[in-house]
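Source file work.pdb; content: PDB, C-alpha atoms and all ligand atoms.
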```pdb
ATOM      1  CA  MET A   1      80.048 111.382 122.730
ATOM      2  CA  ASP A   2      83.121 112.482 120.793
ATOM      3  CA  THR A   3      85.376 114.376 123.185
ATOM      4  CA  ASP A   4      85.478 117.253 120.706
ATOM      5  CA  ALA A   5      81.944 117.168 119.333
ATOM      6  CA  ARG A   6      81.973 120.871 118.495
ATOM      7  CA  GLN A   7      84.558 120.297 115.725
ATOM      8  CA  PRO A   8      83.360 120.496 112.097
ATOM      9  CA  LEU A   9      82.810 117.117 110.466
ATOM     10  CA  ILE A  10      84.768 117.533 107.255
ATOM     11  CA  VAL A  11      88.459 118.203 107.503
ATOM     12  CA  ASP A  12      90.689 117.605 104.499
ATOM     13  CA  SER A  13      94.350 116.678 104.804
ATOM     14  CA  GLN A  14      95.657 119.826 103.114
ATOM     15  CA  SER A  15      93.843 122.101 105.507
ATOM     16  CA  LEU A  16      95.108 120.026 108.448
ATOM     17  CA  GLY A  17      98.658 120.646 107.277
ATOM     18  CA  ARG A  18      97.992 124.375 106.863
ATOM     19  CA  ARG A  19      96.016 124.833 110.078
ATOM     20  CA  GLY A  20      98.657 124.190 112.604
ATOM     21  CA  LYS A  21     101.030 121.787 114.165
ATOM     22  CA  LEU A  22     100.579 118.143 113.325
ATOM     23  CA  PRO A  23     101.183 115.655 116.119
ATOM     24  CA  ARG A  24     104.605 114.070 115.738
ATOM     25  CA  HIS A  25     103.455 110.860 117.384
ATOM     26  CA  ILE A  26      99.908 109.467 117.411
ATOM     27  CA  ALA A  27      99.012 106.524 119.647
ATOM     28  CA  ILE A  28      95.790 104.589 119.111
ATOM     29  CA  ILE A  29      93.788 102.215 121.306
ATOM     30  CA  MET A  30      91.889 100.277 118.635
ATOM     31  CA  ASP A  31      88.892  99.298 120.736
ATOM     32  CA  GLY A  32      85.482  97.957 119.743
ATOM     33  CA  ASN A  33      86.224  95.059 117.373
ATOM     34  CA  GLY A  34      84.227  92.652 119.548
ATOM     35  CA  ARG A  35      81.165  94.904 119.732
ATOM     36  CA  TRP A  36      81.331  95.585 115.986
ATOM     37  CA  ALA A  37      81.270  91.821 115.349
ATOM     38  CA  GLN A  38      78.517  91.201 117.881
ATOM     39  CA  GLN A  39      76.290  93.855 116.267
ATOM     40  CA  ARG A  40      76.555  91.895 113.023
ATOM     41  CA  GLY A  41      76.163  88.413 114.452
ATOM     42  CA  LEU A  42      79.812  87.629 113.638
ATOM     43  CA  ASN A  43      82.424  86.049 115.886
ATOM     44  CA  ARG A  44      85.065  88.160 117.638
ATOM     45  CA  ALA A  45      87.853  87.044 115.300
ATOM     46  CA  GLU A  46      85.897  88.500 112.395
ATOM     47  CA  GLY A  47      85.732  91.765 114.307
ATOM     48  CA  HIS A  48      89.515  91.747 114.638
ATOM     49  CA  ARG A  49      89.847  90.981 110.932
ATOM     50  CA  ALA A  50      87.741  94.045 110.203
ATOM     51  CA  GLY A  51      89.980  95.916 112.678
ATOM     52  CA  VAL A  52      93.058  95.053 110.640
ATOM     53  CA  GLN A  53      91.285  96.273 107.495
ATOM     54  CA  ALA A  54      90.561  99.565 109.256
ATOM     55  CA  LEU A  55      94.181  99.936 110.330
ATOM     56  CA  LYS A  56      95.657  99.788 106.822
ATOM     57  CA  PRO A  57      94.269 103.124 105.489
ATOM     58  CA  ILE A  58      95.055 104.807 108.822
ATOM     59  CA  VAL A  59      98.725 103.857 108.525
ATOM     60  CA  LYS A  60      98.820 105.166 104.961
ATOM     61  CA  GLU A  61      97.059 108.384 105.862
ATOM     62  CA  CYS A  62      99.392 109.033 108.783
ATOM     63  CA  ALA A  63     102.406 108.566 106.508
ATOM     64  CA  ALA A  64     100.835 110.841 103.874
ATOM     65  CA  LEU A  65     100.149 113.541 106.467
ATOM     66  CA  GLY A  66     103.729 113.520 107.725
ATOM     67  CA  ILE A  67     103.131 111.920 111.123
ATOM     68  CA  GLN A  68     106.483 110.596 112.340
ATOM     69  CA  VAL A  69     105.353 107.787 114.633
ATOM     70  CA  LEU A  70     102.108 105.819 114.821
ATOM     71  CA  THR A  71     101.823 103.439 117.770
ATOM     72  CA  VAL A  72      98.887 101.025 117.831
ATOM     73  CA  TYR A  73      97.799  98.842 120.739
ATOM     74  CA  ALA A  74      97.353  95.459 119.067
ATOM     75  CA  PHE A  75      97.687  93.067 122.048
ATOM     76  CA  SER A  76      98.037  93.876 125.730
ATOM     77  CA  THR A  77      99.686  91.852 128.503
ATOM     78  CA  GLU A  78      96.133  91.331 129.784
ATOM     79  CA  ASN A  79      94.728  90.037 126.465
ATOM     80  CA  TRP A  80      96.137  86.539 127.159
ATOM     81  CA  ALA A  81      93.105  86.112 129.420
ATOM     82  CA  ARG A  82      90.836  85.953 126.339
ATOM     83  CA  PRO A  83      89.720  82.575 124.931
ATOM     84  CA  GLN A  84      92.575  80.708 123.275
ATOM     85  CA  VAL A  85      90.748  80.717 119.946
ATOM     86  CA  GLU A  86      90.576  84.541 119.953
ATOM     87  CA  VAL A  87      94.232  84.885 120.984
ATOM     88  CA  ASN A  88      95.311  82.513 118.207
ATOM     89  CA  ALA A  89      93.194  84.399 115.687
ATOM     90  CA  LEU A  90      94.957  87.630 116.665
ATOM     91  CA  TRP A  91      98.400  86.096 116.055
ATOM     92  CA  ASP A  92      97.221  84.683 112.718
ATOM     93  CA  LEU A  93      95.961  88.129 111.729
ATOM     94  CA  LEU A  94      99.246  89.716 112.762
ATOM     95  CA  VAL A  95     101.245  87.242 110.662
ATOM     96  CA  GLU A  96      98.919  87.763 107.701
ATOM     97  CA  PHE A  97      99.062  91.549 108.090
ATOM     98  CA  LEU A  98     102.859  91.614 108.235
ATOM     99  CA  ARG A  99     103.280  89.215 105.305
ATOM    100  CA  SER A 100     100.808  91.011 103.056
ATOM    101  CA  GLU A 101     101.470  94.641 104.004
ATOM    102  CA  THR A 102     105.212  94.849 104.580
ATOM    103  CA  PRO A 103     106.161  95.330 100.897
ATOM    104  CA  GLU A 104     103.716  98.222 100.493
ATOM    105  CA  LEU A 105     104.641  99.763 103.829
ATOM    106  CA  LYS A 106     108.284  99.555 102.830
ATOM    107  CA  ALA A 107     107.508 101.220  99.495
ATOM    108  CA  GLU A 108     105.815 104.027 101.408
ATOM    109  CA  GLY A 109     108.814 104.577 103.650
ATOM    110  CA  VAL A 110     107.341 103.003 106.782
ATOM    111  CA  ARG A 111     109.636 101.294 109.288
ATOM    112  CA  ILE A 112     107.988  98.593 111.409
ATOM    113  CA  GLN A 113     108.947  98.427 115.065
ATOM    114  CA  THR A 114     107.412  96.810 118.134
ATOM    115  CA  ILE A 115     107.073  97.530 121.823
ATOM    116  CA  GLY A 116     106.145  94.957 124.445
ATOM    117  CA  ASN A 117     107.509  91.584 125.427
ATOM    118  CA  VAL A 118     107.678  90.129 121.940
ATOM    119  CA  GLY A 119     109.919  87.246 123.083
ATOM    120  CA  ALA A 120     106.848  85.630 124.687
ATOM    121  CA  LEU A 121     104.837  85.526 121.436
ATOM    122  CA  PRO A 122     104.273  82.318 119.444
ATOM    123  CA  PRO A 123     107.310  81.570 117.237
ATOM    124  CA  ARG A 124     105.351  82.150 113.993
ATOM    125  CA  ALA A 125     104.495  85.671 115.141
ATOM    126  CA  GLN A 126     108.098  86.356 116.180
ATOM    127  CA  ARG A 127     109.388  85.184 112.798
ATOM    128  CA  ALA A 128     106.956  87.447 110.928
ATOM    129  CA  ILE A 129     107.912  90.401 113.144
ATOM    130  CA  ASP A 130     111.642  89.809 112.676
ATOM    131  CA  ALA A 131     111.198  89.641 108.902
ATOM    132  CA  ALA A 132     109.070  92.812 108.764
ATOM    133  CA  LYS A 133     111.540  94.717 110.953
ATOM    134  CA  HIS A 134     114.447  93.518 108.873
ATOM    135  CA  ASP A 135     112.769  94.366 105.559
ATOM    136  CA  THR A 136     111.794  97.906 106.627
ATOM    137  CA  ALA A 137     114.857  98.748 108.745
ATOM    138  CA  GLU A 138     116.125 101.398 106.309
ATOM    139  CA  GLN A 139     112.843 103.313 106.002
ATOM    140  CA  THR A 140     112.705 106.794 107.496
ATOM    141  CA  ARG A 141     109.379 108.419 106.591
ATOM    142  CA  MET A 142     107.310 107.027 109.469
ATOM    143  CA  VAL A 143     107.597 104.441 112.226
ATOM    144  CA  LEU A 144     104.677 102.038 112.602
ATOM    145  CA  ASN A 145     105.092 100.877 116.153
ATOM    146  CA  LEU A 146     103.072  97.769 117.030
ATOM    147  CA  ALA A 147     102.373  97.287 120.743
ATOM    148  CA  LEU A 148     102.335  93.499 121.139
ATOM    149  CA  ASN A 149     102.111  91.735 124.489
ATOM    150  CA  TYR A 150     102.490  95.271 125.758
ATOM    151  CA  GLY A 151     101.578  96.675 129.163
ATOM    152  CA  GLY A 152     102.726 100.010 130.545
ATOM    153  CA  ARG A 153     103.457  98.564 133.979
ATOM    154  CA  ASP A 154     105.322  95.607 132.507
ATOM    155  CA  GLU A 155     107.385  97.971 130.329
ATOM    156  CA  LEU A 156     108.309 100.140 133.333
ATOM    157  CA  VAL A 157     109.382  97.107 135.374
ATOM    158  CA  ARG A 158     111.472  95.798 132.471
ATOM    159  CA  ALA A 159     113.012  99.256 131.967
ATOM    160  CA  VAL A 160     114.082  99.587 135.595
ATOM    161  CA  ASN A 161     115.424  96.031 135.609
ATOM    162  CA  ARG A 162     117.431  96.736 132.442
ATOM    163  CA  TRP A 163     118.890  99.801 134.131
ATOM    164  CA  LEU A 164     119.691  97.774 137.263
ATOM    165  CA  ASP A 165     121.407  95.108 135.146
ATOM    166  CA  GLU A 166     123.673  97.799 133.711
ATOM    167  CA  GLN A 167     124.672  98.782 137.249
ATOM    168  CA  ARG A 168     126.300  95.389 137.774
ATOM    169  CA  PRO A 169     128.899  94.457 138.833
ATOM    170  CA  VAL A 170     129.889  98.008 139.794
ATOM    171  CA  PRO A 171     127.072 100.571 140.116
ATOM    172  CA  GLU A 172     127.688 103.731 138.092
ATOM    173  CA  GLU A 173     124.634 105.520 139.480
ATOM    174  CA  ARG A 174     123.123 105.262 142.921
ATOM    175  CA  TYR A 175     119.627 106.391 142.001
ATOM    176  CA  VAL A 176     117.541 105.937 138.903
ATOM    177  CA  THR A 177     116.497 109.151 137.098
ATOM    178  CA  ALA A 178     113.585 110.054 134.807
ATOM    179  CA  ASN A 179     116.017 110.196 131.887
ATOM    180  CA  ALA A 180     117.423 106.769 132.708
ATOM    181  CA  ILE A 181     113.909 105.300 132.802
ATOM    182  CA  ALA A 182     112.929 106.929 129.488
ATOM    183  CA  GLN A 183     116.117 105.627 127.874
ATOM    184  CA  HIS A 184     115.376 102.062 128.983
ATOM    185  CA  LEU A 185     111.732 101.960 127.934
ATOM    186  CA  ASP A 186     110.760 100.025 124.795
ATOM    187  CA  THR A 187     110.055 103.414 123.190
ATOM    188  CA  ALA A 188     113.587 104.761 123.795
ATOM    189  CA  GLY A 189     114.526 107.110 120.971
ATOM    190  CA  LEU A 190     110.920 107.876 119.962
ATOM    191  CA  PRO A 191     109.155 111.118 120.876
ATOM    192  CA  ASP A 192     106.319 110.800 123.397
ATOM    193  CA  PRO A 193     102.838 110.651 121.848
ATOM    194  CA  ASP A 194     101.224 114.055 121.327
ATOM    195  CA  LEU A 195      97.796 112.606 120.640
ATOM    196  CA  LEU A 196      96.101 109.491 122.027
ATOM    197  CA  ILE A 197      93.039 108.324 120.106
ATOM    198  CA  ARG A 198      90.683 105.774 121.620
ATOM    199  CA  SER A 199      87.802 104.326 119.659
ATOM    200  CA  SER A 200      84.532 102.872 121.016
ATOM    201  CA  GLY A 201      83.942 105.428 123.738
ATOM    202  CA  GLU A 202      85.700 103.967 126.772
ATOM    203  CA  LEU A 203      87.313 106.649 128.943
ATOM    204  CA  ARG A 204      90.448 104.891 130.149
ATOM    205  CA  ILE A 205      94.006 104.271 129.015
ATOM    206  CA  SER A 206      94.082 100.527 129.802
ATOM    207  CA  ASN A 207      97.758 100.198 130.782
ATOM    208  CA  PHE A 208      98.921 101.803 127.499
ATOM    209  CA  LEU A 209     102.117 103.910 127.437
ATOM    210  CA  LEU A 210     101.737 104.942 131.085
ATOM    211  CA  TRP A 211     104.968 106.909 131.163
ATOM    212  CA  GLN A 212     104.883 108.314 127.648
ATOM    213  CA  LEU A 213     101.296 109.654 127.719
ATOM    214  CA  ALA A 214     102.074 112.117 130.523
ATOM    215  CA  TYR A 215     101.198 115.154 128.375
ATOM    216  CA  ALA A 216      99.357 113.578 125.449
ATOM    217  CA  GLU A 217      96.080 115.103 124.338
ATOM    218  CA  ILE A 218      93.325 112.496 124.539
ATOM    219  CA  TYR A 219      90.640 112.116 121.870
ATOM    220  CA  VAL A 220      87.856 109.593 122.352
ATOM    221  CA  THR A 221      85.258 108.728 119.745
ATOM    222  CA  THR A 222      82.291 106.382 120.082
ATOM    223  CA  THR A 223      83.085 104.994 116.613
ATOM    224  CA  LEU A 224      84.007 101.308 116.898
ATOM    225  CA  TRP A 225      87.497 100.585 115.581
ATOM    226  CA  PRO A 226      86.446  98.719 112.379
ATOM    227  CA  ASP A 227      84.468 101.836 111.389
ATOM    228  CA  PHE A 228      87.320 104.250 112.129
ATOM    229  CA  ASN A 229      88.526 105.761 108.835
ATOM    230  CA  PRO A 230      90.832 108.545 107.605
ATOM    231  CA  MET A 231      88.031 111.110 108.037
ATOM    232  CA  GLU A 232      87.820 110.147 111.718
ATOM    233  CA  LEU A 233      91.581 110.510 111.920
ATOM    234  CA  HIS A 234      91.323 114.003 110.448
ATOM    235  CA  LYS A 235      88.699 114.909 113.035
ATOM    236  CA  ALA A 236      90.972 113.737 115.831
ATOM    237  CA  ILE A 237      93.932 115.722 114.484
ATOM    238  CA  HIS A 238      91.735 118.762 113.968
ATOM    239  CA  ALA A 239      90.590 118.509 117.591
ATOM    240  CA  TYR A 240      94.235 118.210 118.668
ATOM    241  CA  GLN A 241      95.069 121.387 116.768
ATOM    242  CA  ASN A 242      92.421 123.216 118.774
ATOM    243  CA  ARG A 243      93.820 122.156 122.128
ATOM    244  CA  ASP A 244      95.856 124.506 124.269
ATOM    245  CA  ARG A 245      98.906 122.474 125.284
ATOM    246  CA  ARG A 246     100.512 123.888 128.395
ATOM    247  CA  PHE A 247     102.648 120.992 129.698
ATOM    248  CA  GLY A 248     101.923 122.166 133.233
ATOM    249  CA  GLY A 249     103.023 125.737 132.393
ATOM    250  CA  LEU A 250     100.886 128.648 131.236
ATOM    251  CA  ARG A 251     100.858 128.691 127.402
ATOM    252  CA  GLU A 252     102.710 126.749 124.730
TER     253      GLU A 252
HETATM  254  C1  LIG A 301      90.063  95.706 121.293
HETATM  255  O1  LIG A 301      88.770  95.391 120.825
HETATM  256  C2  LIG A 301      91.026  95.290 120.328
HETATM  257  C3  LIG A 301      91.989  94.364 120.539
HETATM  258  C4  LIG A 301      92.188  93.654 121.822
HETATM  259  C5  LIG A 301      92.891  93.976 119.485
HETATM  260  C6  LIG A 301      93.208  95.058 118.498
HETATM  261  C7  LIG A 301      93.683  94.372 117.309
HETATM  262  C8  LIG A 301      93.419  94.702 116.041
HETATM  263  C9  LIG A 301      92.731  95.930 115.596
HETATM  264  C10 LIG A 301      93.839  93.817 114.971
HETATM  265  C11 LIG A 301      95.207  93.265 115.105
HETATM  266  C12 LIG A 301      96.252  94.218 114.739
HETATM  267  C13 LIG A 301      97.255  93.919 113.934
HETATM  268  C14 LIG A 301      98.340  94.887 113.720
HETATM  269  C15 LIG A 301      97.314  92.638 113.232
HETATM  270  P1  LIG A 301      87.881  94.447 121.717
HETATM  271  O2  LIG A 301      87.997  93.069 121.190
HETATM  272  O3  LIG A 301      88.249  94.579 123.159
HETATM  273  O4  LIG A 301      86.469  95.051 121.448
HETATM  274  P2  LIG A 301      85.252  95.059 122.462
HETATM  275  O5  LIG A 301      85.659  95.957 123.612
HETATM  276  O6  LIG A 301      84.146  95.637 121.638
HETATM  277  O7  LIG A 301      85.018  93.646 122.876
END
```
Once you've parsed the file, please lay out its structure as structure tokens.
Ligand code: FPP
Amino acid sequence: MDTDARQPLIVDSQSLGRRGKLPRHIAIIMDGNGRWAQQRGLNRAEGHRAGVQALKPIVKECAALGIQVLTVYAFSTENWARPQVEVNALWDLLVEFLRSETPELKAEGVRIQTIGNVGALPPRAQRAIDAAKHDTAEQTRMVLNLALNYGGRDELVRAVNRWLDEQRPVPEERYVTANAIAQHLDTAGLPDPDLLIRSSGELRISNFLLWQLAYAEIYVTTTLWPDFNPMELHKAIHAYQNRDRRFGGLRE
């Protein structure tokens, strides 16, 4: 049930570049690790480990294609409700990923950033994030934006509260504006996603980038995240290039 099943299966990166506009910002909901593990009689943590392995070539391919921002939903504000052992495994995987991949990401010009309430993460995760951000701060080719303890509603509440804090002690503005909200979101300074990819077939956005996805094109594939590969990415971008983006108007 790919949302764009009529698209050809093989799309190479050169032809993607020639065909039309590339998305500036791709956001991905990396869903299906648990089902992938279950199908193989593995535990859920092993599914997430396979999910991290799937992420690495996607990051590299996005950078190679000239995508400016890649945002991936790694842990939501709701994921704390999972068994403690699974939550801990996710933080261990994050630390391992950042420690092992940061040098190569840096060499490829990737800057690591985060969105979400990172201050509530276990200290070992925060230390690894701080180090990765610090080490890649000068890179300009692509931003890899990790959504960690992220929820769209939580981000909006924090954004409005940050704006309200700036209005004290003497209010400068009486009413909040769309611009003021955008400038106080965790994604301030980044373009909104053009393309949202969701793996594993679920048709929902699960509290991801509620504000920023207003005009994103949505691509859903039944492929489970650990099986998602650069060819699947090409298919999603190819589908995006065939969409007619109108932003509420008539034609782009
Ligand atoms: C959803 O699959 C996936 C997650 C909740 C976590 C996504 C995390 C990773 C891909 C790895 C961690 C990332 C980094 C950067 C270290 P699910 O478990 O809900 O799958 P299911 O719906 O099949 O159960």
Have a look at CA of Ala137 (chain A) and CA of Pro193 (chain A) and let me know their distance in Å, one decimal. 21.4 Å
So what does the PyMOL selection byres (((not hetatm)) within 10 of (chain A and resi 301)) actually pick up in this one, as a PyMOL selection string? chain A and resi 28-39+44-56+72-76+78-80+82+86-87+89-98+144-148+199-202+224-226
Best match for closeness to Lys21 (chain A) among A:Tyr175, A:Tyr240, A:Phe208, A:Phe247, counting only C-alpha atoms: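 Smallest distance to Lys21 (chain A) is found for A:Tyr240.
The residue that comes closest to Leu16 (chain A), out of A:Asn242, A:Gln113, A:Ser206, A:Thr223 and on the basis of all atoms listed in the file, is A:Asn242.
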Who sits within 7 Å of Ala27 (chain A), only C-alpha atoms, same chain under 3 positions skipped, as a count of residues only: 7
Find, counting all atoms listed in the file, the residue in A:Leu105, A:Arg99, A:Lys60, A:Val110 that gets nearest to Ile129 (chain A). A:Arg99
When distances are computed from only C-alpha atoms, which of A:Asn149, A:Asn43, A:Thr177, A:Thr187 shows the smallest separation from Thr77 (chain A)?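 When distances to Thr77 (chain A) are compared using only C-alpha atoms, the smallest one comes from A:Asn149.
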From the options A:Lys133, A:Asn161, A:Tyr150, A:Gly248, which residue's atoms come nearest to Ala120 (chain A), counting only C-alpha atoms?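 Among the listed residues, the smallest separation from Ala120 (chain A) belongs to A:Tyr150.
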What is the distance between CA of Glu232 (chain A) and CA of Glu217 (chain A), in Å to one decimal?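 For CA of Glu232 (chain A) relative to CA of Glu217 (chain A), the distance reads 15.9 Å.
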Determine the residue membership of the PyMOL selection byres (((chain A and resi 230) around 12) and not hetatm) for the file above and supply it as a list of chain:residue names. A:Ile10, A:Val11, A:Asp12, A:Ser13, A:Ala54, A:Leu55, A:Lys56, A:Pro57, A:Ile58, A:Val59, A:Lys60, A:Glu61, A:Cys62, A:Ala63, A:Ala64, A:Leu65, A:Trp225, A:Pro226, A:Asp227, A:Phe228, A:Asn229, A:Met231, A:Glu232, A:Leu233, A:His234, A:Lys235, A:Ala236, A:Ile237
Atomic distance CA of Ile26 (chain A) - CA of Asp186 (chain A), expressed in Å with one decimal: 16.2 Å
May I ask which of the residues A:Asn88, A:Ser100, A:Tyr219, A:Met142 is the closest one to Pro122 (chain A), counting only C-alpha atoms?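 Nearest candidate to Pro122 (chain A) out of A:Asn88, A:Ser100, A:Tyr219, A:Met142: A:Asn88.
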For the file shown, what are the residues hit by the PyMOL selection byres (((chain A and resi 190) around 10) and not hetatm), laid out as JSON, numbers by chain? {"A": [24, 25, 68, 69, 143, 145, 182, 183, 185, 186, 187, 188, 189, 191, 192, 193, 212]}
